[in-house]
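A.B. asks: Contents of entry.csv (CSV, C-alpha atoms and all ligand atoms):
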```csv
chain,number,residue,atom,x,y,z
A,1,MET,CA,0.0,0.0,0.0
A,2,LYS,CA,1.3,3.5,-0.8
A,3,GLN,CA,2.3,5.3,2.3
A,4,VAL,CA,1.9,9.1,2.6
A,5,TYR,CA,3.2,11.0,5.6
A,6,MET,CA,1.5,14.4,6.0
A,7,ASP,CA,2.1,15.0,9.7
A,8,TYR,CA,5.4,16.9,9.5
A,9,GLY,CA,4.1,19.5,12.1
A,10,SER,CA,3.9,16.7,14.8
A,11,ALA,CA,7.2,15.1,14.0
A,12,SER,CA,9.7,15.3,11.1
A,13,PRO,CA,12.2,12.7,9.8
A,14,VAL,CA,15.8,13.7,10.3
A,15,ASP,CA,17.4,14.9,7.0
A,16,GLU,CA,20.0,12.3,5.8
A,17,ARG,CA,22.7,15.0,5.7
A,18,VAL,CA,21.9,15.8,9.3
A,19,MET,CA,22.2,12.1,10.3
A,20,GLU,CA,25.5,11.9,8.5
A,21,ALA,CA,26.8,15.0,10.4
A,22,MET,CA,25.6,13.6,13.8
A,23,ILE,CA,26.9,10.0,13.6
A,24,PRO,CA,30.6,10.7,14.5
A,25,PHE,CA,29.5,12.4,17.7
A,26,PHE,CA,27.8,9.2,18.9
A,27,GLU,CA,30.7,6.9,18.0
A,28,LYS,CA,34.2,8.5,18.1
A,29,GLU,CA,33.9,12.2,18.7
A,30,ILE,CA,32.6,11.7,22.2
A,31,GLY,CA,34.4,14.5,24.0
A,32,ASN,CA,32.7,16.8,26.5
A,33,PRO,CA,33.1,20.5,25.4
A,34,SER,CA,34.2,21.4,28.9
A,35,SER,CA,37.2,19.0,28.7
A,36,LEU,CA,40.6,20.3,27.9
A,37,HIS,CA,41.9,17.4,25.8
A,38,SER,CA,41.6,17.5,22.0
A,39,GLN,CA,38.4,15.5,22.0
A,40,GLY,CA,36.9,18.1,24.3
A,41,ARG,CA,38.2,20.9,22.1
A,42,LYS,CA,36.7,19.3,19.0
A,43,ALA,CA,33.3,19.1,20.7
A,44,ARG,CA,33.6,22.8,21.8
A,45,ARG,CA,34.4,23.8,18.2
A,46,GLU,CA,31.4,21.9,16.9
A,47,LEU,CA,29.1,23.4,19.6
A,48,GLU,CA,30.2,26.9,18.7
A,49,ASN,CA,29.8,26.2,14.9
A,50,ALA,CA,26.2,25.0,15.5
A,51,ARG,CA,25.6,28.2,17.5
A,52,ILE,CA,26.8,30.2,14.5
A,53,SER,CA,24.5,28.4,12.1
A,54,VAL,CA,21.4,28.8,14.3
A,55,ALA,CA,22.3,32.5,14.9
A,56,LYS,CA,22.6,33.1,11.1
A,57,LEU,CA,19.3,31.5,10.3
A,58,ILE,CA,17.4,34.0,12.6
A,59,GLY,CA,19.6,37.0,11.9
A,60,ALA,CA,21.1,37.1,15.4
A,61,PRO,CA,24.3,39.2,15.2
A,62,ASN,CA,26.0,37.4,18.1
A,63,PRO,CA,26.1,33.6,18.3
A,64,LYS,CA,26.5,33.9,22.1
A,65,SER,CA,22.8,34.8,22.2
A,66,ILE,CA,21.8,31.2,21.3
A,67,ILE,CA,21.3,28.9,24.3
A,68,PHE,CA,20.8,25.2,23.4
A,69,THR,CA,18.0,23.4,25.3
A,70,SER,CA,16.1,20.1,25.1
A,71,GLY,CA,13.4,21.5,22.8
A,72,ALA,CA,10.7,24.2,22.4
A,73,THR,CA,8.9,23.4,25.6
A,74,GLU,CA,12.0,24.0,27.6
A,75,SER,CA,12.9,27.1,25.7
A,76,ASN,CA,9.4,28.5,26.3
A,77,ASN,CA,9.6,27.7,30.0
A,78,LEU,CA,13.1,29.3,30.2
A,79,ALA,CA,12.1,32.5,28.5
A,80,LEU,CA,8.8,33.0,30.3
A,81,ARG,CA,9.8,32.0,33.8
A,82,GLY,CA,13.3,33.5,33.4
A,83,ALA,CA,12.1,36.9,32.3
A,84,ALA,CA,9.1,37.0,34.7
A,85,LEU,CA,11.4,36.3,37.7
A,86,ARG,CA,14.1,38.7,36.5
A,87,TYR,CA,11.7,41.6,35.9
A,88,LYS,CA,9.2,41.0,38.6
A,89,ASP,CA,10.3,44.1,40.5
A,90,LYS,CA,9.3,46.2,37.5
A,91,GLY,CA,5.8,44.7,37.2
A,92,ASN,CA,3.7,41.6,37.2
A,93,HIS,CA,1.7,41.8,33.9
A,94,ILE,CA,2.2,39.6,30.9
A,95,ILE,CA,0.4,39.7,27.6
A,96,THR,CA,-0.2,36.7,25.3
A,97,THR,CA,-2.9,35.3,23.0
A,98,SER,CA,-5.5,32.6,23.4
A,99,ILE,CA,-4.0,30.4,20.7
A,100,GLU,CA,-0.5,29.8,22.2
A,101,HIS,CA,1.0,26.3,22.5
A,102,MET,CA,0.3,24.5,25.8
A,103,SER,CA,4.0,25.0,26.8
A,104,VAL,CA,3.3,28.7,26.9
A,105,MET,CA,-0.3,28.5,28.2
A,106,ASN,CA,0.5,26.2,31.1
A,107,THR,CA,3.7,28.1,32.0
A,108,LEU,CA,1.8,31.3,32.2
A,109,LYS,CA,-1.0,29.7,34.2
A,110,ASP,CA,1.7,28.6,36.7
A,111,LEU,CA,3.0,32.2,36.8
A,112,GLN,CA,-0.5,33.4,37.5
A,113,ARG,CA,-0.7,31.0,40.5
A,114,ASN,CA,2.5,32.8,41.6
A,115,GLY,CA,1.2,36.3,41.5
A,116,PHE,CA,1.5,37.3,37.9
A,117,ASP,CA,-1.4,38.8,36.0
A,118,VAL,CA,-1.8,37.5,32.4
A,119,THR,CA,-3.9,39.0,29.6
A,120,TYR,CA,-5.0,36.4,26.9
A,121,LEU,CA,-5.8,38.5,23.8
A,122,PRO,CA,-8.5,37.1,21.5
A,123,VAL,CA,-7.8,36.5,17.8
A,124,ASP,CA,-10.2,36.9,14.9
A,125,LYS,CA,-12.0,34.0,13.0
A,126,ASP,CA,-8.8,33.4,11.0
A,127,GLY,CA,-6.6,33.3,14.1
A,128,LEU,CA,-5.0,36.7,13.4
A,129,LEU,CA,-4.1,39.0,16.2
A,130,ASN,CA,-4.6,42.8,15.8
A,131,PRO,CA,-1.4,44.6,16.9
A,132,GLU,CA,-3.6,47.5,18.2
A,133,GLN,CA,-5.0,45.1,20.8
A,134,VAL,CA,-1.5,44.5,22.1
A,135,LYS,CA,-0.8,48.2,22.3
A,136,ASN,CA,-4.1,48.8,24.2
A,137,ALA,CA,-3.4,46.0,26.6
A,138,ILE,CA,0.0,47.4,27.8
A,139,THR,CA,-0.1,48.9,31.3
A,140,ASP,CA,2.7,50.4,33.4
A,141,LYS,CA,2.9,46.9,35.0
A,142,THR,CA,3.6,45.1,31.7
A,143,ILE,CA,7.0,43.4,31.6
A,144,LEU,CA,6.6,40.8,28.9
A,145,ILE,CA,4.6,40.1,25.7
A,146,SER,CA,4.6,36.5,24.4
A,147,ILE,CA,3.2,35.8,20.9
A,148,MET,CA,3.8,32.8,18.7
A,149,TYR,CA,5.2,33.5,15.2
A,150,ALA,CA,2.8,31.1,13.5
A,151,ASN,CA,0.3,28.6,14.7
A,152,GLY,CA,1.1,25.0,13.7
A,153,GLU,CA,-2.5,23.9,14.0
A,154,ILE,CA,-4.1,26.5,11.7
A,155,GLY,CA,-1.1,27.9,10.0
A,156,THR,CA,-1.8,31.6,10.7
A,157,ILE,CA,1.2,33.9,10.7
A,158,GLN,CA,1.1,36.9,13.1
A,159,PRO,CA,2.3,40.4,12.4
A,160,ILE,CA,5.4,39.9,14.5
A,161,ARG,CA,7.4,42.9,13.3
A,162,GLU,CA,4.5,45.3,14.1
A,163,ILE,CA,4.1,43.8,17.6
A,164,GLY,CA,7.8,43.9,18.1
A,165,GLN,CA,7.8,47.6,17.3
A,166,ILE,CA,5.0,48.2,19.8
A,167,ALA,CA,6.9,46.2,22.5
A,168,THR,CA,10.1,48.2,21.8
A,169,ASP,CA,8.3,51.6,22.0
A,170,ALA,CA,6.7,50.6,25.3
A,171,LYS,CA,10.1,49.2,26.6
A,172,VAL,CA,8.5,45.8,27.2
A,173,MET,CA,10.3,42.5,26.6
A,174,PHE,CA,9.1,40.5,23.6
A,175,HIS,CA,9.1,36.7,23.5
A,176,VAL,CA,8.2,34.8,20.3
A,177,ASP,CA,7.6,31.1,20.0
A,178,GLY,CA,9.0,30.5,16.6
A,179,THR,CA,8.7,26.7,16.7
A,180,SER,CA,6.4,26.3,13.7
A,181,ALA,CA,7.8,29.2,11.6
A,182,ILE,CA,11.6,28.7,11.8
A,183,GLY,CA,12.9,27.1,8.6
A,184,LYS,CA,9.5,27.6,6.8
A,185,ILE,CA,9.5,31.4,6.5
A,186,PRO,CA,12.2,34.0,7.1
A,187,VAL,CA,12.6,35.2,10.7
A,188,ASP,CA,14.9,38.0,11.7
A,189,VAL,CA,15.2,38.8,15.3
A,190,GLU,CA,16.8,42.2,14.8
A,191,ASN,CA,14.4,43.5,12.2
A,192,GLU,CA,11.4,42.1,14.1
A,193,HIS,CA,12.5,43.5,17.5
A,194,ILE,CA,12.5,40.1,19.2
A,195,ASP,CA,14.1,39.7,22.6
A,196,PHE,CA,13.5,35.9,23.1
A,197,LEU,CA,12.9,33.4,20.3
A,198,THR,CA,12.0,29.8,20.8
A,199,LEU,CA,13.3,27.3,18.3
A,200,SER,CA,12.9,23.5,17.9
A,201,SER,CA,15.4,21.3,16.1
A,202,ASN,CA,12.9,18.7,14.9
A,203,ASP,CA,10.8,21.2,13.1
A,204,LEU,CA,13.9,22.1,11.1
A,205,GLY,CA,14.6,18.5,10.0
A,206,GLY,CA,17.0,18.0,12.9
A,207,PRO,CA,16.8,15.5,15.7
A,208,LYS,CA,14.2,15.5,18.5
A,209,GLY,CA,15.3,16.4,22.1
A,210,THR,CA,17.1,19.5,21.0
A,211,GLY,CA,16.0,23.1,20.8
A,212,ALA,CA,17.3,26.6,21.4
A,213,LEU,CA,16.4,29.9,22.9
A,214,TYR,CA,17.7,33.2,21.4
A,215,ILE,CA,18.2,35.8,24.1
A,216,LYS,CA,19.1,39.2,22.9
A,217,GLN,CA,22.5,40.4,24.0
A,218,GLY,CA,22.2,42.5,27.1
A,219,VAL,CA,18.9,41.0,28.2
A,220,ARG,CA,19.1,39.1,31.4
A,221,ILE,CA,17.0,36.3,32.7
A,222,ILE,CA,17.0,34.0,35.8
A,223,PRO,CA,17.8,30.4,34.7
A,224,PHE,CA,16.0,27.4,36.3
A,225,MET,CA,18.4,24.7,35.3
A,226,LEU,CA,21.3,25.1,37.7
A,227,GLY,CA,24.5,23.1,37.8
A,228,GLY,CA,27.8,23.3,36.0
A,229,GLY,CA,27.1,26.7,34.4
A,230,GLN,CA,27.1,25.5,30.8
A,231,GLU,CA,25.4,27.6,28.0
A,232,PHE,CA,26.7,30.9,29.6
A,233,GLY,CA,25.0,29.8,32.9
A,234,MET,CA,21.6,29.9,31.3
A,235,ARG,CA,21.1,26.1,31.0
A,236,SER,CA,23.4,23.9,33.0
A,237,GLY,CA,24.0,20.3,32.1
A,238,SER,CA,26.5,18.6,29.8
A,239,GLU,CA,25.6,19.6,26.3
A,240,ASN,CA,23.8,17.2,23.9
A,241,ILE,CA,26.5,17.4,21.3
A,242,PRO,CA,25.1,15.0,18.7
A,243,GLY,CA,21.7,16.8,18.9
A,244,ILE,CA,23.2,20.2,18.8
A,245,VAL,CA,25.5,19.3,15.8
A,246,GLY,CA,22.3,18.0,14.1
A,247,MET,CA,20.4,21.2,14.8
A,248,GLY,CA,23.3,23.3,13.5
A,249,LYS,CA,23.4,21.3,10.3
A,250,ALA,CA,19.6,21.5,9.9
A,251,ALA,CA,19.7,25.2,10.4
A,252,GLY,CA,22.4,25.5,7.7
A,253,ILE,CA,20.4,23.5,5.3
A,254,ALA,CA,17.2,25.5,6.0
A,255,GLN,CA,19.0,28.7,5.3
A,256,LYS,CA,20.1,27.5,1.9
A,257,GLU,CA,17.0,25.6,0.9
A,258,MET,CA,14.1,27.3,2.7
A,259,SER,CA,12.8,29.4,-0.2
A,260,GLU,CA,12.9,26.6,-2.7
A,261,GLN,CA,11.3,24.1,-0.2
A,262,SER,CA,8.7,26.6,0.8
A,263,ALA,CA,7.7,27.3,-2.8
A,264,ARG,CA,7.4,23.6,-3.4
A,265,ASN,CA,5.3,23.1,-0.2
A,266,MET,CA,3.1,26.1,-1.0
A,267,LYS,CA,2.2,24.7,-4.4
A,268,MET,CA,1.2,21.3,-2.8
A,269,ARG,CA,-0.6,23.1,0.0
A,270,ASP,CA,-2.7,25.2,-2.4
A,271,LYS,CA,-3.6,22.2,-4.5
A,272,LEU,CA,-4.8,20.4,-1.3
A,273,ILE,CA,-6.8,23.5,-0.1
A,274,ASP,CA,-8.4,24.2,-3.5
A,275,ASN,CA,-9.5,20.6,-4.0
A,276,ILE,CA,-10.6,19.7,-0.5
A,277,LEU,CA,-12.7,22.9,-0.2
A,278,LYS,CA,-14.7,21.7,-3.2
A,279,MET,CA,-16.6,19.4,-0.8
A,280,GLU,CA,-19.8,20.7,0.8
A,281,TYR,CA,-19.8,21.7,4.5
A,282,THR,CA,-16.0,21.9,4.4
A,283,TYR,CA,-14.0,24.9,5.6
A,284,LEU,CA,-10.4,26.1,5.8
A,285,THR,CA,-9.2,26.9,9.3
A,286,GLY,CA,-6.7,29.7,9.7
A,287,HIS,CA,-5.9,32.6,7.3
A,288,ARG,CA,-5.9,31.8,3.6
A,289,ILE,CA,-2.9,34.1,2.7
A,290,LYS,CA,-1.0,34.8,6.0
A,291,ARG,CA,-0.3,31.1,6.3
A,292,LEU,CA,2.6,28.7,6.8
A,293,PRO,CA,3.6,27.3,3.4
A,294,ASN,CA,3.3,23.7,4.6
A,295,ASN,CA,0.0,23.9,6.4
A,296,ALA,CA,-3.4,22.8,5.1
A,297,SER,CA,-6.0,22.7,7.9
A,298,PHE,CA,-9.7,22.1,7.6
A,299,ARG,CA,-12.9,21.3,9.4
A,300,PHE,CA,-15.7,19.1,8.2
A,301,SER,CA,-19.2,19.5,9.6
A,302,PHE,CA,-21.1,16.5,11.1
A,303,ILE,CA,-18.1,14.2,11.6
A,304,GLU,CA,-15.2,13.7,14.0
A,305,GLY,CA,-11.6,14.5,13.1
A,306,GLU,CA,-10.4,11.3,15.0
A,307,SER,CA,-12.6,9.1,12.7
A,308,ILE,CA,-11.1,10.8,9.6
A,309,ILE,CA,-7.5,10.2,10.9
A,310,LEU,CA,-8.2,6.5,11.6
A,311,GLN,CA,-9.7,5.9,8.1
A,312,LEU,CA,-6.9,7.8,6.4
A,313,ASN,CA,-4.5,5.7,8.4
A,314,ASP,CA,-6.1,2.5,7.0
A,315,LEU,CA,-5.3,3.9,3.5
A,316,GLY,CA,-1.7,4.5,4.4
A,317,ILE,CA,-2.1,8.3,5.0
A,318,THR,CA,-0.7,9.8,8.2
A,319,ALA,CA,-2.3,13.0,9.2
A,320,SER,CA,-3.4,14.8,12.4
A,321,THR,CA,-6.5,16.4,14.0
A,322,GLY,CA,-4.5,19.3,15.3
A,323,SER,CA,-2.0,19.7,18.1
A,324,ALA,CA,-0.3,16.3,18.6
A,325,CYS,CA,0.9,17.4,22.0
A,326,SER,CA,-2.5,17.4,23.7
A,327,SER,CA,-4.7,15.4,21.3
A,328,LYS,CA,-5.0,12.5,23.8
A,329,THR,CA,-7.4,14.6,26.0
A,330,LEU,CA,-10.2,14.5,23.3
A,331,GLU,CA,-11.1,18.0,24.4
A,332,PRO,CA,-11.6,20.3,21.5
A,333,SER,CA,-8.6,22.3,20.6
A,334,HIS,CA,-8.3,25.5,22.5
A,335,VAL,CA,-7.0,27.1,19.3
A,336,LEU,CA,-10.2,26.2,17.3
A,337,ILE,CA,-12.4,27.3,20.1
A,338,ALA,CA,-10.5,30.7,20.2
A,339,LEU,CA,-11.5,31.2,16.5
A,340,GLY,CA,-15.1,31.2,17.7
A,341,LEU,CA,-16.0,27.7,16.7
A,342,ARG,CA,-18.6,25.7,18.7
A,343,HIS,CA,-17.3,22.4,20.3
A,344,GLU,CA,-19.0,20.2,17.7
A,345,GLU,CA,-17.5,22.3,14.9
A,346,ALA,CA,-14.0,22.1,16.4
A,347,HIS,CA,-14.2,18.3,16.7
A,348,GLY,CA,-14.3,17.9,12.9
A,349,SER,CA,-10.7,19.1,12.3
A,350,LEU,CA,-8.1,17.7,10.0
A,351,LEU,CA,-4.5,19.0,9.8
A,352,LEU,CA,-2.2,18.1,6.9
A,353,THR,CA,1.4,19.3,7.3
A,354,LEU,CA,3.8,18.9,4.3
A,355,GLY,CA,7.5,18.4,4.2
A,356,ARG,CA,10.5,17.4,2.2
A,357,GLY,CA,9.4,13.9,1.4
A,358,ASN,CA,6.0,14.8,-0.1
A,359,THR,CA,5.3,14.6,-3.8
A,360,GLU,CA,2.5,15.7,-6.2
A,361,GLU,CA,1.5,12.0,-6.2
A,362,ASP,CA,1.0,12.1,-2.4
A,363,VAL,CA,-1.2,15.2,-2.8
A,364,ASP,CA,-3.3,13.5,-5.5
A,365,HIS,CA,-3.7,10.4,-3.3
A,366,VAL,CA,-4.9,12.5,-0.4
A,367,ILE,CA,-7.3,14.6,-2.6
A,368,GLU,CA,-8.8,11.3,-3.9
A,369,SER,CA,-9.1,9.7,-0.5
A,370,ILE,CA,-10.6,12.4,1.7
A,371,PRO,CA,-13.9,13.0,-0.1
A,372,LYS,CA,-14.6,9.2,0.0
A,373,ILE,CA,-13.8,9.0,3.7
A,374,VAL,CA,-15.8,12.1,4.5
A,375,ALA,CA,-18.8,10.9,2.5
A,376,ARG,CA,-18.7,7.5,4.2
A,377,LEU,CA,-18.5,9.0,7.7
A,378,ARG,CA,-21.3,11.4,7.0
A,379,GLU,CA,-23.6,8.6,5.8
A,380,LEU,CA,-23.1,7.1,9.3
A,381,SER,CA,-23.6,10.5,11.1
A,382,PRO,CA,-27.1,11.2,12.4
A,383,LEU,CA,-26.2,14.8,12.5
A,384,TYR,CA,-25.7,14.7,8.7
A,385,THR,CA,-28.6,12.6,7.7
A,386,ARG,CA,-31.0,14.7,9.9
A,387,LYS,CA,-29.7,18.0,8.7
B,401,LIG,N1,5.5,25.6,20.5
B,401,LIG,C1,4.9,25.3,19.4
B,401,LIG,C2,4.3,26.5,18.5
B,401,LIG,C3,4.7,24.0,18.9
B,401,LIG,O1,4.0,23.7,17.8
B,401,LIG,C4,5.3,23.0,19.7
B,401,LIG,C5,5.1,21.5,19.3
B,401,LIG,N2,5.9,21.2,18.2
B,401,LIG,C6,6.0,23.3,20.9
B,401,LIG,C7,6.1,24.7,21.2
B,401,LIG,C8,6.6,22.3,21.8
B,401,LIG,O2,7.6,21.6,21.2
B,401,LIG,P1,8.3,20.3,21.9
B,401,LIG,O3,7.1,19.4,22.2
B,401,LIG,O4,9.2,19.8,20.9
B,401,LIG,O5,8.9,20.8,23.1
```
Could I get this structure in the form of structure tokens?
Ligand code: PMP
C.D. replies:
Amino acid sequence: MKQVYMDYGSASPVDERVMEAMIPFFEKEIGNPSSLHSQGRKARRELENARISVAKLIGAPNPKSIIFTSGATESNNLALRGAALRYKDKGNHIITTSIEHMSVMNTLKDLQRNGFDVTYLPVDKDGLLNPEQVKNAITDKTILISIMYANGEIGTIQPIREIGQIATDAKVMFHVDGTSAIGKIPVDVENEHIDFLTLSSNDLGGPKGTGALYIKQGVRIIPFMLGGGQEFGMRSGSENIPGIVGMGKAAGIAQKEMSEQSARNMKMRDKLIDNILKMEYTYLTGHRIKRLPNNASFRFSFIEGESIILQLNDLGITASTGSACSSKTLEPSHVLIALGLRHEEAHGSLLLTLGRGNTEEDVDHVIESIPKIVARLRELSPLYTRK
């Protein structure tokens, strides 16, 4: 049976060139970058080269502003907790949106339990935030604004540069969760006035278990991982050299190939969207234009996303209902609810995320399969037959 993987947003295969770069660091090049011997010095060189690659990808002038972590969840925790604790004497107010990833949402809820005041700004029906709302929400107690660059579930890209300008003018720190955007669209921390940027390696085609946090030079935070003082004291613990080398290599590849890869994905994305929307009672979620090049997300009335996923799985197609991170709860996605959808509407979601391995043939197979599955499920749905 033909296998089609369209769940790159949940997990991506490691690029073969990245694998090749990593392998020596599991086998022979096993030095610890803090060691003085030549093995250690080699590991240190590779660590610093990876920092340079990641810094270049996001337009960071100084590689020392890149702190390697275990992934996007840790980077979000480090930025939010670290900045909140560092600046708590200036104020206790944080601004975010109602569509952030749970690693931001739950960290901010924890900060609320510890005396911080958090404003969750609404988004419009396409998931777009109005920068004016950010401006209006700032008070003299505001210390931090945290907004995701793009939402992986619905693909919507936020006006980050405008929000960054507002944060700068108000002298408020600006954290951006760039997980879904990095490597898909150009991101420039200087031009977009970003103080903290969360990155994940796997979303770039690098290995899982590695990520990074950009911290603008001169901005201070209070770290929570204490120990040997690695990563400029911001994240103690012996560095994951194979993972970091892989992330550095993936960042270098993304820098060279992003525009070509994104154009390829966008063509496949648009074909998926144009064809799937031909079905009745079928809607796009997220913004049609301000949208990640690899994201096609839908909702279908009268049926459940989980049933679509299982039927697609039987046809060799791997897709998702939305956020893989919390889909076990069977609660409707907080992102879709924030768009103003009712619970039963939010339950009928399907997320297709494209990547390097996808072909036109894959797209045709999906376009052929989905209408059949949706029609079959609707025939079984009392909501549809009674409509
Ligand atoms: N932020 C965003 C926007 C995400 O989509 C994800 C999930 N890929 C995360 C943070 C958390 O990533 P991880 O589970 O790799 O820590």
A.B. asks: Let me make sure I understand: among A:Arg264, A:Lys208, A:His334, A:Lys141, which one has the smallest atom-to-atom distance to ligand LIG 401 (chain B) if we use only C-alpha atoms and all ligand atoms?
C.D. replies: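 Closest candidate: A:Lys208.
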A.B. asks: Counting only C-alpha atoms and all ligand atoms, what are the residues, protein, DNA or RNA alike, that approach ligand LIG 401 (chain B) to within 9 Å? I want them as a ChimeraX atom specification.
C.D. replies: /A:9-11,70-76,100-104,148-153,177-181,198-203,208-211,323-325
A.B. asks: Just to be explicit: take each residue in the selection above, keep C-alpha atoms, and write the result as a PDB file, in the frame of the given file.
C.D. replies:
```
ATOM      1  CA  GLY A   9       4.100  19.500  12.100  1.00  0.00           C
ATOM      2  CA  SER A  10       3.900  16.700  14.800  1.00  0.00           C
ATOM      3  CA  ALA A  11       7.200  15.100  14.000  1.00  0.00           C
ATOM      4  CA  SER A  70      16.100  20.100  25.100  1.00  0.00           C
ATOM      5  CA  GLY A  71      13.400  21.500  22.800  1.00  0.00           C
ATOM      6  CA  ALA A  72      10.700  24.200  22.400  1.00  0.00           C
ATOM      7  CA  THR A  73       8.900  23.400  25.600  1.00  0.00           C
ATOM      8  CA  GLU A  74      12.000  24.000  27.600  1.00  0.00           C
ATOM      9  CA  SER A  75      12.900  27.100  25.700  1.00  0.00           C
ATOM     10  CA  ASN A  76       9.400  28.500  26.300  1.00  0.00           C
ATOM     11  CA  GLU A 100      -0.500  29.800  22.200  1.00  0.00           C
ATOM     12  CA  HIS A 101       1.000  26.300  22.500  1.00  0.00           C
ATOM     13  CA  MET A 102       0.300  24.500  25.800  1.00  0.00           C
ATOM     14  CA  SER A 103       4.000  25.000  26.800  1.00  0.00           C
ATOM     15  CA  VAL A 104       3.300  28.700  26.900  1.00  0.00           C
ATOM     16  CA  MET A 148       3.800  32.800  18.700  1.00  0.00           C
ATOM     17  CA  TYR A 149       5.200  33.500  15.200  1.00  0.00           C
ATOM     18  CA  ALA A 150       2.800  31.100  13.500  1.00  0.00           C
ATOM     19  CA  ASN A 151       0.300  28.600  14.700  1.00  0.00           C
ATOM     20  CA  GLY A 152       1.100  25.000  13.700  1.00  0.00           C
ATOM     21  CA  GLU A 153      -2.500  23.900  14.000  1.00  0.00           C
ATOM     22  CA  ASP A 177       7.600  31.100  20.000  1.00  0.00           C
ATOM     23  CA  GLY A 178       9.000  30.500  16.600  1.00  0.00           C
ATOM     24  CA  THR A 179       8.700  26.700  16.700  1.00  0.00           C
ATOM     25  CA  SER A 180       6.400  26.300  13.700  1.00  0.00           C
ATOM     26  CA  ALA A 181       7.800  29.200  11.600  1.00  0.00           C
ATOM     27  CA  THR A 198      12.000  29.800  20.800  1.00  0.00           C
ATOM     28  CA  LEU A 199      13.300  27.300  18.300  1.00  0.00           C
ATOM     29  CA  SER A 200      12.900  23.500  17.900  1.00  0.00           C
ATOM     30  CA  SER A 201      15.400  21.300  16.100  1.00  0.00           C
ATOM     31  CA  ASN A 202      12.900  18.700  14.900  1.00  0.00           C
ATOM     32  CA  ASP A 203      10.800  21.200  13.100  1.00  0.00           C
ATOM     33  CA  LYS A 208      14.200  15.500  18.500  1.00  0.00           C
ATOM     34  CA  GLY A 209      15.300  16.400  22.100  1.00  0.00           C
ATOM     35  CA  THR A 210      17.100  19.500  21.000  1.00  0.00           C
ATOM     36  CA  GLY A 211      16.000  23.100  20.800  1.00  0.00           C
ATOM     37  CA  SER A 323      -2.000  19.700  18.100  1.00  0.00           C
ATOM     38  CA  ALA A 324      -0.300  16.300  18.600  1.00  0.00           C
ATOM     39  CA  CYS A 325       0.900  17.400  22.000  1.00  0.00           C
TER      40      CYS A 325
END
```
A.B. asks: Measuring between only C-alpha atoms, which one of A:Val118, A:Ala212, A:Ile23, A:Ile222 shows the shortest distance to Arg86 of chain A?
C.D. replies: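 Among A:Val118, A:Ala212, A:Ile23, A:Ile222, it is A:Ile222 that comes nearest to Arg86 of chain A.
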A.B. asks: Within 9 Å of (-22.9, 20.5, 6.1) (coordinates as in the file), grab all the protein and nucleic acid residues, counting all atoms listed in the file, and write them out as a PyMOL selection string.
C.D. replies: chain A and resi 280-282+300-302+384+387
A.B. asks: Would you compute the distance between atom CA of Leu350 of chain A and atom CA of Ser320 of chain A? Give it in Å to one decimal.
C.D. replies: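 Computing it gives 6.0 Å between the two atoms.
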A.B. asks: Need the shell around Lys28 of chain A: protein/DNA/RNA residues with any atom at most 12 Å away, counting only C-alpha atoms. Skip same-chain ones fewer than 5 positions apart. Format as a ChimeraX atom specification?
C.D. replies: /A:22-23,39-40,42-43,242
A.B. asks: Have a look at A:Gly205, A:Leu128, A:Lys2, A:Asp7 and name the one nearest to Thr353 of chain A; count all atoms listed in the file.
C.D. replies: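 When distances to Thr353 of chain A are compared using all atoms listed in the file, the smallest one comes from A:Asp7.
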A.B. asks: Quote the spacing between atom CA of Ala338 of chain A and atom CA of Thr96 of chain A in Å to one decimal place.
C.D. replies: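 That distance, rounded to one decimal, is 13.0 Å.
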A.B. asks: In Å, with one decimal, what is the gap from atom CA of Gly357 of chain A to atom CA of Leu204 of chain A?
C.D. replies: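 One can read the atom CA of Gly357 of chain A to atom CA of Leu204 of chain A distance as 13.5 Å.
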A.B. asks: When distances are computed from all atoms listed in the file, which of A:His93, A:His175, A:Lys125, A:Lys249 shows the smallest separation from Tyr283 of chain A?
C.D. replies: A:Lys125
A.B. asks: Between A:Leu57, A:Leu380, A:Leu336, A:Ile95, single out the one closest to Gln112 of chain A, counting only C-alpha atoms.
C.D. replies: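 Ranked by minimum distance to Gln112 of chain A, first place goes to A:Ile95.
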A.B. asks: Within 9 Å of (12.6, 11.2, 9.7) in the file's own coordinates, which protein, DNA or RNA residues have an atom, counting all atoms listed in the file? List them as a list of chain:residue names.
C.D. replies: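 Nearby residues: A:Ala11, A:Ser12, A:Pro13, A:Val14, A:Asp15, A:Glu16, A:Gly205, A:Gly206, A:Pro207.
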A.B. asks: With distances taken over all atoms listed in the file, which residue among A:Ile276, A:Ala21, A:Ala55, A:Ile138 lies nearest Asp117 of chain A?
C.D. replies: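 Of all the options, A:Ile138 lies closest to Asp117 of chain A.
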A.B. asks: Near Tyr214 of chain A, within 7 Å and counting all atoms listed in the file, which residues show up once chain neighbours fewer than 6 positions away are dropped, as an NGL selection string?
C.D. replies: :A and (65-67 or 196-198)
A.B. asks: Can you pull out every residue within 12 Å of Asn114 of chain A, counting only C-alpha atoms, but drop anything in the same chain fewer than 3 positions away, and send it as a list of chain:residue names?
C.D. replies: A:Arg81, A:Ala84, A:Leu85, A:Lys88, A:Asn92, A:His93, A:Thr107, A:Leu108, A:Lys109, A:Asp110, A:Leu111, A:Asp117, A:Val118
